[in-house]
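Listing of structure-v4.cif, mmCIF, N, CA and C atoms
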data_query
#
loop_
_atom_site.label_atom_id
_atom_site.label_comp_id
_atom_site.auth_asym_id
_atom_site.auth_seq_id
_atom_site.Cartn_x
_atom_site.Cartn_y
_atom_site.Cartn_z
N MET K 5 -2.37 -229.96 154.32
CA MET K 5 -2.77 -229.02 153.30
C MET K 5 -1.87 -229.10 152.08
N LEU K 6 -0.59 -229.30 152.27
CA LEU K 6 0.31 -229.44 151.14
C LEU K 6 0.04 -230.72 150.37
N ARG K 7 -0.38 -231.75 151.06
CA ARG K 7 -0.64 -233.02 150.38
C ARG K 7 -1.89 -232.97 149.50
N SER K 8 -2.90 -232.21 149.85
CA SER K 8 -4.13 -232.18 149.05
C SER K 8 -3.99 -231.33 147.79
N ALA K 9 -3.07 -230.39 147.75
CA ALA K 9 -2.91 -229.55 146.57
C ALA K 9 -2.50 -230.34 145.34
N PRO K 10 -1.47 -231.22 145.40
CA PRO K 10 -1.13 -232.00 144.21
C PRO K 10 -2.28 -232.91 143.77
N LEU K 11 -3.03 -233.45 144.71
CA LEU K 11 -4.17 -234.29 144.38
C LEU K 11 -5.22 -233.49 143.62
N ALA K 12 -5.48 -232.27 144.02
CA ALA K 12 -6.45 -231.43 143.33
C ALA K 12 -5.99 -231.11 141.92
N LEU K 13 -4.70 -230.87 141.72
CA LEU K 13 -4.17 -230.60 140.39
C LEU K 13 -4.28 -231.83 139.50
N LEU K 14 -4.00 -232.97 140.05
CA LEU K 14 -4.09 -234.21 139.30
C LEU K 14 -5.54 -234.46 138.87
N THR K 15 -6.47 -234.24 139.78
CA THR K 15 -7.87 -234.46 139.47
C THR K 15 -8.34 -233.49 138.37
N ALA K 16 -7.98 -232.23 138.45
CA ALA K 16 -8.36 -231.27 137.43
C ALA K 16 -7.74 -231.62 136.08
N SER K 17 -6.49 -232.08 136.09
CA SER K 17 -5.82 -232.47 134.85
C SER K 17 -6.49 -233.69 134.23
N THR K 18 -6.82 -234.65 135.05
CA THR K 18 -7.49 -235.86 134.56
C THR K 18 -8.87 -235.52 133.99
N LEU K 19 -9.60 -234.65 134.68
CA LEU K 19 -10.92 -234.25 134.22
C LEU K 19 -10.82 -233.53 132.88
N ALA K 20 -9.86 -232.63 132.72
CA ALA K 20 -9.71 -231.89 131.47
C ALA K 20 -9.39 -232.83 130.31
N SER K 21 -8.53 -233.80 130.52
CA SER K 21 -8.20 -234.73 129.43
C SER K 21 -9.38 -235.63 129.11
N THR K 22 -10.17 -235.98 130.10
CA THR K 22 -11.35 -236.80 129.86
C THR K 22 -12.38 -236.03 129.04
N LEU K 23 -12.56 -234.75 129.33
CA LEU K 23 -13.54 -233.96 128.59
C LEU K 23 -13.16 -233.78 127.13
N THR K 24 -11.88 -233.68 126.83
CA THR K 24 -11.46 -233.47 125.45
C THR K 24 -11.55 -234.75 124.63
N VAL K 25 -11.66 -235.90 125.27
CA VAL K 25 -11.75 -237.17 124.55
C VAL K 25 -13.11 -237.33 123.87
N TRP K 26 -14.18 -236.82 124.50
CA TRP K 26 -15.53 -237.01 123.98
C TRP K 26 -15.87 -235.92 122.98
N PRO K 27 -16.18 -236.28 121.73
CA PRO K 27 -16.54 -235.26 120.73
C PRO K 27 -17.94 -234.70 121.02
N ALA K 28 -18.15 -233.48 120.62
CA ALA K 28 -19.47 -232.88 120.77
C ALA K 28 -20.44 -233.57 119.82
N GLN K 29 -21.67 -233.77 120.28
CA GLN K 29 -22.66 -234.40 119.42
C GLN K 29 -23.09 -233.42 118.33
N ALA K 30 -23.16 -233.90 117.12
CA ALA K 30 -23.59 -233.07 115.99
C ALA K 30 -25.09 -232.86 116.08
N GLN K 31 -25.52 -231.64 115.87
CA GLN K 31 -26.94 -231.33 115.86
C GLN K 31 -27.48 -231.57 114.45
N PRO K 32 -28.71 -232.07 114.33
CA PRO K 32 -29.26 -232.29 112.99
C PRO K 32 -29.45 -230.96 112.26
N THR K 33 -29.28 -230.98 110.97
CA THR K 33 -29.51 -229.79 110.15
C THR K 33 -31.01 -229.49 110.19
N PRO K 34 -31.38 -228.23 110.44
CA PRO K 34 -32.81 -227.91 110.47
C PRO K 34 -33.43 -228.05 109.08
N VAL K 35 -34.71 -228.36 109.06
CA VAL K 35 -35.43 -228.58 107.81
C VAL K 35 -36.69 -227.72 107.77
N LEU K 36 -37.30 -227.69 106.62
CA LEU K 36 -38.62 -227.11 106.44
C LEU K 36 -39.52 -228.28 106.03
N ILE K 37 -40.66 -228.44 106.67
CA ILE K 37 -41.57 -229.54 106.32
C ILE K 37 -42.40 -229.11 105.11
N ASP K 38 -42.33 -229.88 104.02
CA ASP K 38 -43.08 -229.54 102.81
C ASP K 38 -44.50 -230.08 102.88
N CYS K 39 -45.28 -229.86 101.84
CA CYS K 39 -46.68 -230.29 101.83
C CYS K 39 -46.85 -231.80 101.87
N ALA K 40 -45.82 -232.54 101.49
CA ALA K 40 -45.87 -234.00 101.54
C ALA K 40 -45.45 -234.53 102.90
N GLY K 41 -45.11 -233.62 103.84
CA GLY K 41 -44.70 -234.04 105.18
C GLY K 41 -43.25 -234.45 105.28
N GLN K 42 -42.44 -234.08 104.29
CA GLN K 42 -41.02 -234.44 104.27
C GLN K 42 -40.17 -233.24 104.67
N GLY K 43 -39.09 -233.49 105.39
CA GLY K 43 -38.17 -232.44 105.77
C GLY K 43 -37.23 -232.11 104.62
N VAL K 44 -37.12 -230.84 104.27
CA VAL K 44 -36.30 -230.41 103.14
C VAL K 44 -35.32 -229.34 103.63
N VAL K 45 -34.06 -229.48 103.21
CA VAL K 45 -33.04 -228.48 103.51
C VAL K 45 -32.87 -227.60 102.28
N LYS K 46 -32.90 -226.30 102.46
CA LYS K 46 -32.74 -225.31 101.40
C LYS K 46 -33.64 -225.59 100.18
N PRO K 47 -34.95 -225.59 100.38
CA PRO K 47 -35.85 -225.86 99.24
C PRO K 47 -35.75 -224.75 98.19
N THR K 48 -36.04 -225.10 96.95
CA THR K 48 -36.05 -224.11 95.88
C THR K 48 -37.41 -223.42 95.78
N SER K 49 -38.42 -224.01 96.43
CA SER K 49 -39.73 -223.37 96.52
C SER K 49 -40.42 -223.83 97.80
N ILE K 50 -41.33 -223.00 98.27
CA ILE K 50 -42.13 -223.33 99.46
C ILE K 50 -43.58 -223.07 99.11
N GLN K 51 -44.38 -224.10 99.16
CA GLN K 51 -45.81 -223.95 98.90
C GLN K 51 -46.49 -223.65 100.22
N ILE K 52 -47.11 -222.48 100.33
CA ILE K 52 -47.78 -222.07 101.57
C ILE K 52 -49.18 -222.65 101.61
N GLY K 53 -49.94 -222.49 100.56
CA GLY K 53 -51.30 -223.03 100.50
C GLY K 53 -51.28 -224.44 99.95
N CYS K 54 -51.06 -225.43 100.81
CA CYS K 54 -50.93 -226.82 100.33
C CYS K 54 -52.20 -227.33 99.64
N ALA K 55 -53.36 -226.98 100.16
CA ALA K 55 -54.61 -227.51 99.60
C ALA K 55 -54.94 -226.89 98.25
N THR K 56 -54.67 -225.60 98.09
CA THR K 56 -55.08 -224.91 96.86
C THR K 56 -53.91 -224.56 95.95
N GLY K 57 -52.71 -224.47 96.51
CA GLY K 57 -51.57 -224.03 95.72
C GLY K 57 -51.66 -222.56 95.37
N SER K 58 -52.48 -221.81 96.13
CA SER K 58 -52.72 -220.41 95.78
C SER K 58 -51.61 -219.46 96.23
N VAL K 59 -50.75 -219.89 97.15
CA VAL K 59 -49.64 -219.06 97.61
C VAL K 59 -48.38 -219.90 97.65
N LEU K 60 -47.34 -219.43 96.97
CA LEU K 60 -46.06 -220.13 97.03
C LEU K 60 -44.92 -219.14 96.90
N ILE K 61 -43.77 -219.57 97.36
CA ILE K 61 -42.55 -218.78 97.20
C ILE K 61 -41.64 -219.62 96.33
N ASN K 62 -41.21 -219.07 95.19
CA ASN K 62 -40.35 -219.86 94.30
C ASN K 62 -39.08 -219.10 93.98
N ASP K 63 -38.25 -219.72 93.16
CA ASP K 63 -36.94 -219.17 92.78
C ASP K 63 -36.10 -218.82 94.00
N LEU K 64 -36.16 -219.66 95.03
CA LEU K 64 -35.43 -219.39 96.27
C LEU K 64 -33.93 -219.62 96.11
N SER K 65 -33.16 -218.71 96.66
CA SER K 65 -31.71 -218.89 96.80
C SER K 65 -31.38 -218.49 98.23
N TRP K 66 -30.60 -219.33 98.90
CA TRP K 66 -30.32 -219.16 100.32
C TRP K 66 -28.92 -218.60 100.54
N SER K 67 -28.81 -217.53 101.34
CA SER K 67 -27.51 -216.96 101.68
C SER K 67 -26.97 -217.55 102.97
N SER K 68 -27.86 -218.07 103.83
CA SER K 68 -27.43 -218.75 105.06
C SER K 68 -28.49 -219.75 105.49
N TRP K 69 -28.03 -220.80 106.18
CA TRP K 69 -28.93 -221.84 106.70
C TRP K 69 -28.25 -222.41 107.93
N SER K 70 -28.77 -222.07 109.11
CA SER K 70 -28.15 -222.53 110.36
C SER K 70 -29.23 -222.99 111.33
N MET K 71 -28.82 -223.42 112.51
CA MET K 71 -29.78 -223.87 113.53
C MET K 71 -30.66 -222.72 114.00
N ASN K 72 -30.17 -221.49 113.90
CA ASN K 72 -30.92 -220.35 114.42
C ASN K 72 -31.86 -219.71 113.42
N GLU K 73 -31.46 -219.69 112.16
CA GLU K 73 -32.25 -218.97 111.16
C GLU K 73 -31.76 -219.33 109.76
N ALA K 74 -32.64 -219.20 108.80
CA ALA K 74 -32.27 -219.34 107.39
C ALA K 74 -32.66 -218.06 106.70
N LYS K 75 -31.80 -217.57 105.80
CA LYS K 75 -32.07 -216.32 105.08
C LYS K 75 -31.83 -216.51 103.59
N GLY K 76 -32.65 -215.83 102.80
CA GLY K 76 -32.48 -215.91 101.35
C GLY K 76 -33.38 -214.92 100.63
N ARG K 77 -33.53 -215.18 99.33
CA ARG K 77 -34.37 -214.35 98.46
C ARG K 77 -35.24 -215.27 97.62
N GLY K 78 -36.37 -214.75 97.21
CA GLY K 78 -37.26 -215.51 96.36
C GLY K 78 -38.38 -214.63 95.84
N THR K 79 -39.39 -215.25 95.27
CA THR K 79 -40.53 -214.53 94.73
C THR K 79 -41.81 -215.13 95.29
N LEU K 80 -42.59 -214.28 95.98
CA LEU K 80 -43.90 -214.70 96.46
C LEU K 80 -44.86 -214.64 95.29
N VAL K 81 -45.56 -215.73 95.02
CA VAL K 81 -46.55 -215.79 93.94
C VAL K 81 -47.90 -216.07 94.57
N VAL K 82 -48.84 -215.17 94.33
CA VAL K 82 -50.18 -215.28 94.90
C VAL K 82 -51.18 -215.43 93.77
N ASN K 83 -52.02 -216.45 93.86
CA ASN K 83 -53.08 -216.68 92.88
C ASN K 83 -54.37 -216.14 93.48
N SER K 84 -55.03 -215.25 92.76
CA SER K 84 -56.27 -214.63 93.26
C SER K 84 -57.42 -215.63 93.37
N CYS K 85 -57.33 -216.72 92.63
CA CYS K 85 -58.39 -217.73 92.57
C CYS K 85 -59.72 -217.15 92.08
N ILE K 86 -59.66 -215.98 91.47
CA ILE K 86 -60.86 -215.40 90.85
C ILE K 86 -60.86 -215.86 89.41
N TYR K 87 -61.84 -216.63 89.05
CA TYR K 87 -61.86 -217.24 87.73
C TYR K 87 -63.20 -217.00 87.05
N ALA K 88 -63.17 -217.19 85.77
CA ALA K 88 -64.39 -216.96 84.97
C ALA K 88 -65.06 -218.28 84.67
N GLY K 89 -65.77 -218.82 85.63
CA GLY K 89 -66.56 -220.02 85.41
C GLY K 89 -65.80 -221.33 85.54
N GLY K 90 -64.48 -221.28 85.76
CA GLY K 90 -63.73 -222.52 85.91
C GLY K 90 -63.85 -223.10 87.31
N PRO K 91 -63.59 -224.38 87.46
CA PRO K 91 -63.81 -225.02 88.76
C PRO K 91 -62.65 -224.88 89.76
N THR K 92 -61.49 -224.38 89.34
CA THR K 92 -60.35 -224.36 90.26
C THR K 92 -59.59 -223.04 90.19
N CYS K 93 -58.58 -222.90 91.06
CA CYS K 93 -57.72 -221.72 91.08
C CYS K 93 -56.80 -221.65 89.87
N VAL K 94 -56.72 -222.72 89.09
CA VAL K 94 -55.83 -222.73 87.93
C VAL K 94 -56.15 -221.57 87.00
N GLU K 95 -57.41 -221.20 86.90
CA GLU K 95 -57.82 -220.12 86.02
C GLU K 95 -57.61 -218.74 86.64
N GLY K 96 -57.19 -218.67 87.90
CA GLY K 96 -57.03 -217.41 88.59
C GLY K 96 -55.84 -216.60 88.09
N LYS K 97 -55.82 -215.33 88.46
CA LYS K 97 -54.72 -214.44 88.08
C LYS K 97 -53.62 -214.52 89.14
N THR K 98 -52.35 -214.65 88.70
CA THR K 98 -51.24 -214.68 89.64
C THR K 98 -50.49 -213.35 89.63
N THR K 99 -50.01 -212.96 90.79
CA THR K 99 -49.22 -211.76 90.95
C THR K 99 -47.95 -212.15 91.71
N SER K 100 -46.80 -211.61 91.26
CA SER K 100 -45.51 -211.96 91.86
C SER K 100 -44.90 -210.77 92.58
N TYR K 101 -44.22 -211.07 93.70
CA TYR K 101 -43.59 -210.05 94.52
C TYR K 101 -42.19 -210.52 94.93
N PRO K 102 -41.12 -209.87 94.45
CA PRO K 102 -39.78 -210.22 94.92
C PRO K 102 -39.69 -209.97 96.42
N ALA K 103 -39.01 -210.86 97.14
CA ALA K 103 -38.97 -210.74 98.60
C ALA K 103 -37.68 -211.28 99.20
N GLN K 104 -37.32 -210.73 100.34
CA GLN K 104 -36.29 -211.33 101.19
C GLN K 104 -37.04 -212.27 102.11
N ILE K 105 -36.45 -213.41 102.40
CA ILE K 105 -37.11 -214.42 103.22
C ILE K 105 -36.23 -214.82 104.38
N SER K 106 -36.86 -215.07 105.51
CA SER K 106 -36.14 -215.67 106.63
C SER K 106 -37.06 -216.71 107.26
N LEU K 107 -36.45 -217.78 107.72
CA LEU K 107 -37.19 -218.85 108.39
C LEU K 107 -36.79 -218.84 109.86
N GLY K 108 -37.74 -219.10 110.73
CA GLY K 108 -37.47 -219.13 112.16
C GLY K 108 -38.50 -219.95 112.89
N ARG K 109 -38.65 -219.68 114.19
CA ARG K 109 -39.58 -220.39 115.07
C ARG K 109 -39.38 -221.90 114.97
N GLN K 110 -38.21 -222.32 115.41
CA GLN K 110 -37.86 -223.73 115.32
C GLN K 110 -38.71 -224.58 116.27
N ALA K 111 -39.04 -225.74 115.79
CA ALA K 111 -39.73 -226.75 116.58
C ALA K 111 -38.88 -228.01 116.51
N SER K 112 -38.69 -228.66 117.66
CA SER K 112 -37.80 -229.83 117.69
C SER K 112 -38.53 -231.05 118.20
N GLY K 113 -38.09 -232.19 117.70
CA GLY K 113 -38.56 -233.48 118.15
C GLY K 113 -37.39 -234.44 118.11
N PRO K 114 -37.60 -235.72 118.40
CA PRO K 114 -36.49 -236.67 118.38
C PRO K 114 -35.81 -236.72 117.01
N GLY K 115 -34.57 -236.24 116.94
CA GLY K 115 -33.78 -236.30 115.72
C GLY K 115 -34.13 -235.29 114.65
N ILE K 116 -34.99 -234.31 114.96
CA ILE K 116 -35.36 -233.33 113.93
C ILE K 116 -35.59 -231.95 114.54
N THR K 117 -35.17 -230.94 113.80
CA THR K 117 -35.50 -229.55 114.11
C THR K 117 -36.06 -228.95 112.82
N ALA K 118 -37.23 -228.35 112.91
CA ALA K 118 -37.88 -227.80 111.72
C ALA K 118 -38.23 -226.34 111.93
N PHE K 119 -38.04 -225.54 110.89
CA PHE K 119 -38.50 -224.16 110.90
C PHE K 119 -40.01 -224.17 110.70
N SER K 120 -40.73 -223.32 111.43
CA SER K 120 -42.19 -223.31 111.28
C SER K 120 -42.76 -221.92 110.99
N LYS K 121 -41.89 -220.92 110.79
CA LYS K 121 -42.38 -219.59 110.45
C LYS K 121 -41.59 -219.04 109.28
N VAL K 122 -42.31 -218.51 108.30
CA VAL K 122 -41.72 -217.89 107.11
C VAL K 122 -41.99 -216.38 107.21
N ASN K 123 -40.92 -215.59 107.23
CA ASN K 123 -41.04 -214.13 107.26
C ASN K 123 -40.62 -213.57 105.90
N LEU K 124 -41.39 -212.63 105.39
CA LEU K 124 -41.10 -212.01 104.09
C LEU K 124 -41.00 -210.50 104.25
N ARG K 125 -40.04 -209.91 103.52
CA ARG K 125 -39.92 -208.45 103.45
C ARG K 125 -39.90 -208.06 101.97
N PHE K 126 -40.71 -207.06 101.63
CA PHE K 126 -40.86 -206.64 100.25
C PHE K 126 -40.29 -205.24 100.07
N ALA K 127 -39.28 -205.09 99.22
CA ALA K 127 -38.68 -203.78 98.98
C ALA K 127 -39.63 -202.87 98.19
N ASP K 128 -40.38 -203.46 97.27
CA ASP K 128 -41.28 -202.66 96.41
C ASP K 128 -42.75 -202.83 96.78
N GLY K 129 -43.03 -203.33 97.95
CA GLY K 129 -44.41 -203.56 98.36
C GLY K 129 -44.88 -204.94 97.96
N GLY K 130 -45.59 -205.58 98.86
CA GLY K 130 -46.10 -206.93 98.61
C GLY K 130 -47.60 -206.90 98.42
N PRO K 131 -48.25 -208.02 98.67
CA PRO K 131 -49.71 -208.07 98.56
C PRO K 131 -50.34 -206.99 99.45
N ALA K 132 -51.35 -206.34 98.94
CA ALA K 132 -52.06 -205.27 99.65
C ALA K 132 -51.10 -204.15 100.06
N ALA K 133 -50.03 -203.95 99.29
CA ALA K 133 -49.02 -202.90 99.51
C ALA K 133 -48.30 -203.04 100.85
N LEU K 134 -48.24 -204.23 101.39
CA LEU K 134 -47.54 -204.47 102.66
C LEU K 134 -46.03 -204.48 102.44
N ASN K 135 -45.27 -204.07 103.46
CA ASN K 135 -43.81 -204.13 103.41
C ASN K 135 -43.28 -205.46 103.92
N SER K 136 -44.11 -206.18 104.69
CA SER K 136 -43.68 -207.46 105.24
C SER K 136 -44.89 -208.33 105.54
N GLY K 137 -44.64 -209.58 105.75
CA GLY K 137 -45.69 -210.52 106.09
C GLY K 137 -45.07 -211.81 106.58
N SER K 138 -45.87 -212.66 107.17
CA SER K 138 -45.35 -213.94 107.66
C SER K 138 -46.43 -215.01 107.55
N TYR K 139 -45.95 -216.24 107.49
CA TYR K 139 -46.83 -217.41 107.44
C TYR K 139 -46.33 -218.41 108.47
N ILE K 140 -47.26 -219.08 109.15
CA ILE K 140 -46.92 -220.15 110.08
C ILE K 140 -47.18 -221.47 109.36
N LEU K 141 -46.19 -222.34 109.39
CA LEU K 141 -46.32 -223.67 108.76
C LEU K 141 -46.54 -224.69 109.87
N ASP K 142 -47.70 -225.28 109.92
CA ASP K 142 -48.03 -226.28 110.93
C ASP K 142 -48.35 -227.57 110.20
N ARG K 143 -47.27 -228.25 109.78
CA ARG K 143 -47.44 -229.43 108.94
C ARG K 143 -46.96 -230.68 109.65
N PRO K 144 -47.71 -231.77 109.52
CA PRO K 144 -47.27 -233.02 110.14
C PRO K 144 -46.10 -233.64 109.36
N ILE K 145 -45.25 -234.32 110.09
CA ILE K 145 -44.15 -235.06 109.47
C ILE K 145 -44.67 -236.46 109.14
N ARG K 146 -44.42 -236.89 107.91
CA ARG K 146 -44.87 -238.23 107.48
C ARG K 146 -43.65 -239.09 107.17
N PRO K 147 -43.74 -240.37 107.49
CA PRO K 147 -42.60 -241.28 107.21
C PRO K 147 -42.41 -241.52 105.72
#
Mind turning this structure into structure tokens?
Amino acid sequence: MLRSAPLALLTASTLASTLTVWPAQAQPTPVLIDCAGQGVVKPTSIQIGCATGSVLINDLSWSSWSMNEAKGRGTLVVNSCIYAGGPTCVEGKTTSYPAQISLGRQASGPGITAFSKVNLRFADGGPAALNSGSYILDRPIRP
């Protein structure tokens, strides 16, 4: 019994030194997939309606960006797409709403983690007088 105790200490010491030799693997910085299918870190704007451009968040400034969540502020801009005889939403009326933004609902794949949910909180009321809202981004990644 006395002989096995030093062996156990030696083994624990060797194991501890071996573990400290290997550095922790760095996790990729999470991204937001834009309308072009590219991963973007801390975008200055997020286009929600890729096909029409009718909903976007612009003037973004980020207070934090981590693997768990991203937080910031920006302005939600909504285009009514109600136009007087024109063929596109370009003629529509836009309304802006200052908002706090957070990104979440991470999705991961080989070498990438992407946020897929945009949460908005409006201090002065948002579209339809809502205090909050969210959008799910389900965009393919393109090379």
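Put simply, atom C of Val82 in chain K is 28.2 Å away from atom C of Arg146 in chain K.
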Give me, please, the distance in Å between CA of Val35 in chain K and CA of Thr56 in chain K, quoted to one decimal. 22.8 Å
Tell me, as a PyMOL selection string, which residues lie within 6.5 Å of range 66-73 of chain K, counting only N, CA and C atoms; anything in the same chain fewer than 6 positions away does not count. chain K and resi 34+106-108
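Note that the spacing between CA of Gln110 in chain K and CA of Asn62 in chain K amounts to 21.5 Å.
The shortest atom-to-atom distance to Thr98 in chain K, with only N, CA and C atoms taken into account, belongs to K:Val81 out of K:Ala111, K:Val122, K:Val81, K:Ala55.
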Find the spatial neighbours of Ser65 in chain K, counting only N, CA and C atoms, within a cut-off of 8 Å - ignore same-chain residues fewer than 3 positions away - and output them as number ranges by chain. K: 46-49, 62, 68, 75-79
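Proximity of K:Gly137, K:Ala118, K:Pro144, K:Gly96 to Ala40 in chain K, computed with only N, CA and C atoms, is greatest for K:Pro144.
Of the listed residues K:Asp142, K:Gly113, K:Gly57, K:Gln104, the one whose atoms come nearest to Arg125 in chain K is K:Gln104, with distances taken using all atoms listed in the file.
Distances from K:Lys121, K:Ser84, K:Ser136, K:Ala103 to Ser58 in chain K were compared using only C-alpha atoms, and the smallest one belongs to K:Ser84.
Remark: for Ala74 in chain K, the closest of the candidate residues K:Ala127, K:Ile105, K:Cys39, K:Ile61 is K:Ile105 (distances computed over only N, CA and C atoms).
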Give the padded box for range 110-124 of chain K as lines of an AutoDock Vina configuration file: axis-aligned, covering all atoms listed in the file, 4 Å on each side, centre and edge lengths in Å to one decimal.
center_x = -38.3
center_y = -223.6
center_z = 111.2
size_x = 17.0
size_y = 34.2
size_z = 22.3
Pull the strand (DSSP E) assignments for range 36-106 of chain K out of DSSP run on the backbone, and list those residues as a ChimeraX atom specification. /K:36-37,43-44,50-51,59-69,74-83,98-106
Using the chain letters and numbering of this document, enumerate as a PDB file with N, CA and C atoms, in the frame of the given file the residues selected by the PyMOL selection byres (((chain K and resi 140 and name CA) around 9) and name CA).
ATOM      1  N   ILE K  52     -47.110-222.480 100.330  1.00  0.00           N
ATOM      2  CA  ILE K  52     -47.780-222.070 101.570  1.00  0.00           C
ATOM      3  C   ILE K  52     -49.180-222.650 101.610  1.00  0.00           C
ATOM      4  N   ARG K 109     -38.650-219.680 114.190  1.00  0.00           N
ATOM      5  CA  ARG K 109     -39.580-220.390 115.070  1.00  0.00           C
ATOM      6  C   ARG K 109     -39.380-221.900 114.970  1.00  0.00           C
ATOM      7  N   SER K 120     -40.730-223.320 111.430  1.00  0.00           N
ATOM      8  CA  SER K 120     -42.190-223.310 111.280  1.00  0.00           C
ATOM      9  C   SER K 120     -42.760-221.920 110.990  1.00  0.00           C
ATOM     10  N   LYS K 121     -41.890-220.920 110.790  1.00  0.00           N
ATOM     11  CA  LYS K 121     -42.380-219.590 110.450  1.00  0.00           C
ATOM     12  C   LYS K 121     -41.590-219.040 109.280  1.00  0.00           C
ATOM     13  N   VAL K 122     -42.310-218.510 108.300  1.00  0.00           N
ATOM     14  CA  VAL K 122     -41.720-217.890 107.110  1.00  0.00           C
ATOM     15  C   VAL K 122     -41.990-216.380 107.210  1.00  0.00           C
ATOM     16  N   ASN K 123     -40.920-215.590 107.230  1.00  0.00           N
ATOM     17  CA  ASN K 123     -41.040-214.130 107.260  1.00  0.00           C
ATOM     18  C   ASN K 123     -40.620-213.570 105.900  1.00  0.00           C
ATOM     19  N   SER K 138     -45.870-212.660 107.170  1.00  0.00           N
ATOM     20  CA  SER K 138     -45.350-213.940 107.660  1.00  0.00           C
ATOM     21  C   SER K 138     -46.430-215.010 107.550  1.00  0.00           C
ATOM     22  N   TYR K 139     -45.950-216.240 107.490  1.00  0.00           N
ATOM     23  CA  TYR K 139     -46.830-217.410 107.440  1.00  0.00           C
ATOM     24  C   TYR K 139     -46.330-218.410 108.470  1.00  0.00           C
ATOM     25  N   LEU K 141     -46.190-222.340 109.390  1.00  0.00           N
ATOM     26  CA  LEU K 141     -46.320-223.670 108.760  1.00  0.00           C
ATOM     27  C   LEU K 141     -46.540-224.690 109.870  1.00  0.00           C
ATOM     28  N   ASP K 142     -47.700-225.280 109.920  1.00  0.00           N
ATOM     29  CA  ASP K 142     -48.030-226.280 110.930  1.00  0.00           C
ATOM     30  C   ASP K 142     -48.350-227.570 110.200  1.00  0.00           C
TER      31      ASP K 142
END
